[in-house]
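Trainee: Have a look at the structure that comes next, please.
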Amino acid sequence: MNKYAAIDIGTNSMRLLLANVEAGKIINRSKYINPTRIGSSVDKDKLISEEGMSRNIEALYDFTQKAKDFGAEKILVIATSAVRDATNGKEFIQRAYEKTGVSIEIISGEEEAALGYQGVAMGLKSKAGKQVVIDIGGGSTETILGEGNALKKTISLNVGAVRMTERCITTDPISKEEYEEMEVEIYKIVKEVVEEIKKDNPNTIVGIGGTITTLAALHQQLDQYHMDKVHNYKLTLKDISTLKEKLLSLTVEEIKQLKGIHPKRADIIVAGVTILNVIMDNLDIYEITVSEYDNLEGLLFPIR
């Protein structure tokens, strides 16, 4: 049995997967998350701040130590939207390497989408028919069309939970005017992609990433996040709209008190759920399946 570690440096969070892999299958796995928010200010300034850089290098060091303690024979690290958009992304990678000895690969939105689809195909029971996988990240949203194990099309959109919050929201709780401005902005960005996806007549939609897994935990009011309770969970468009309306009525501090949400996601969850709501509503698909298998599991494919 081989042991591997996969790390994803996302706009909002850094995540670690530790996994035992045998005969092309994950036997045991555990995940860790640190909301390091490397993307703060990247949308506006195109720079990773010095504070964000230091915070994320320390978090990466902690995760690489966890991987070594686990006995991982290989540590795979990818960076996504914020690092690829930042003009000092390469500086971050160099400094991180000097501290940890681990190489980071900046991947494109399309590569990120492909890894996400591979993870979904690995983890979900039902693989029949055409499906759309939606990965709402902090800086971007990846849309992936596939059929069974075969990926057909990937499109990366510059709309994410952190990006839209920083761009549109200044009030707490969010004012009606700012919310409507954000919703219209999101619709403008996703409209063409949604219309293109509809032409392929997908019959199911799968969600991966922190927004959708958080909504599954919120809907179940989980005292403690549990991967098995989130994976393969179903949410209807009505469930999502109801959660959105509830969140809109609350302050960030009140959202932090809800069962099922990480406190450091409280300020961006409304933007995340709005992106999902707009996409699902315009796709005319009224139920989404939540997958806890995502691009971290997809990263293991080349070494299986």
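Here's how to read the names in the structure tokens: chain A, B, ... by the order shown, residue numbers from 1 in each chain, ligand numbers from 1 in the order shown.
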Skipping near chain neighbours, those fewer than 5 positions away, what residues fall within 8 Å of range 204-215 of chain A using only C-alpha atoms, listed as a PyMOL selection string?
Mentor: chain A and resi 116+129-137+161+230+240+243+260-262+269+272-273+285+287-294
Trainee: Please identify the alpha helix (DSSP H) residues within range 106-273 of chain A (assignment by DSSP from backbone atoms) and present them as a PyMOL selection string.
Mentor: chain A and resi 109-123+161-168+176-198+210-220+227-230+237-248+252-256+269-273
Trainee: For CA of Lys238 in chain A and CA of Pro263 in chain A, quote the distance in Å rounded to one decimal.
Mentor: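 It comes out at 24.5 Å.
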Trainee: By how many Å are CA of Ala19 in chain A and CA of Thr64 in chain A apart?
Mentor: 13.8 Å
Trainee: Identify, on the basis of only C-alpha atoms, every residue whose closest approach to Ala67 in chain A does not exceed 10 Å; exclude the query and any residue fewer than 3 positions from it along the same chain; express the result as a list in words.
Mentor: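 Close residues of Ala67 in chain A: Lys3, Tyr4, Ala5, Ala6, Ile7, Leu16, Leu17, Leu18, Ala19, Tyr61, Asp62, Phe63, Thr64, Phe70, Gly71, Ala72, Glu73, Lys74 and Ile75 of chain A.
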Trainee: Just checking: using only C-alpha atoms, which residue out of A:Arg37, A:Lys188, A:Lys25, A:Lys176 ends up closest to Met122 in chain A?
Mentor: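 Answer, going by the shortest atom-to-atom distance: A:Lys25.
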Trainee: Would you list the contacts of range 48-57 of chain A as a list in words, taking every protein, DNA or RNA residue within 7 Å and counting only C-alpha atoms, but skipping same-chain residues closer than 6 positions in sequence?
Mentor: Thr36, Ile38, Gly39, Ser41, Val42, Ala86, Asn88, Phe92 and Ala96 of chain A
Trainee: Just to be explicit: take each residue in the selection above, keep C-alpha atoms, and write the result as a PDB file, in the first residue's frame.
Mentor:
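Saved as selection30.pdb:
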ATOM      1  CA  THR A  36      -5.398  30.983   4.594  1.00  0.00           C
ATOM      2  CA  ILE A  38      -4.109  33.915  -0.113  1.00  0.00           C
ATOM      3  CA  GLY A  39      -6.400  35.661  -2.604  1.00  0.00           C
ATOM      4  CA  SER A  41      -6.449  41.760  -2.498  1.00  0.00           C
ATOM      5  CA  VAL A  42      -5.396  39.786  -5.624  1.00  0.00           C
ATOM      6  CA  ALA A  86      -0.946  37.411  -8.964  1.00  0.00           C
ATOM      7  CA  ASN A  88       4.187  37.925  -7.637  1.00  0.00           C
ATOM      8  CA  PHE A  92       5.559  33.036  -3.605  1.00  0.00           C
ATOM      9  CA  ALA A  96       7.654  28.464  -0.354  1.00  0.00           C
TER      10      ALA A  96
END
Trainee: Find the distance between CA of Asn295 in chain A and CA of Leu235 in chain A and write it in Å to one decimal.
Mentor: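 According to the coordinates, CA of Asn295 in chain A and CA of Leu235 in chain A are separated by 21.0 Å.
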Trainee: Could you find all residues in range 111-260 of chain A that DSSP calls strand (DSSP E or B) from the backbone, and write them as a VMD selection string?
Mentor: chain A and resid 130 to 136 141 to 147 150 to 157 204 to 208 234 to 236
Trainee: Nearest to Tyr233 in chain A: which of A:Leu47, A:Leu300, A:Ile279, A:Leu124 is it, counting only C-alpha atoms?
Mentor: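 Closest to Tyr233 in chain A, using only C-alpha atoms: A:Leu124.
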Trainee: I'd like the neighbourhood of Asn282 in chain A as a PDB file with C-alpha atoms, in the first residue's frame, where a residue qualifies if any of its atoms comes within 10 Å (using only C-alpha atoms), though same-chain residues fewer than 3 positions away should be ignored.
Mentor:
ATOM      1  CA  TYR A 187     -25.207  36.488 -14.113  1.00  0.00           C
ATOM      2  CA  VAL A 190     -21.823  33.010 -16.263  1.00  0.00           C
ATOM      3  CA  LYS A 191     -24.608  33.626 -18.832  1.00  0.00           C
ATOM      4  CA  VAL A 194     -24.579  28.355 -18.965  1.00  0.00           C
ATOM      5  CA  GLU A 195     -26.191  28.708 -22.407  1.00  0.00           C
ATOM      6  CA  LYS A 198     -27.503  23.754 -21.860  1.00  0.00           C
ATOM      7  CA  ASN A 277     -28.045  29.568  -7.265  1.00  0.00           C
ATOM      8  CA  VAL A 278     -27.624  31.597 -10.459  1.00  0.00           C
ATOM      9  CA  ILE A 279     -25.968  28.722 -12.342  1.00  0.00           C
ATOM     10  CA  ILE A 285     -31.557  21.648 -13.121  1.00  0.00           C
ATOM     11  CA  TYR A 286     -33.227  21.509  -9.731  1.00  0.00           C
TER      12      TYR A 286
END
Trainee: For Lys246 in chain A, which residue among A:Pro173, A:Glu180, A:Phe301, A:His231 is the nearest when counting only C-alpha atoms?
Mentor: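 Among the listed residues, the smallest separation from Lys246 in chain A belongs to A:Pro173.
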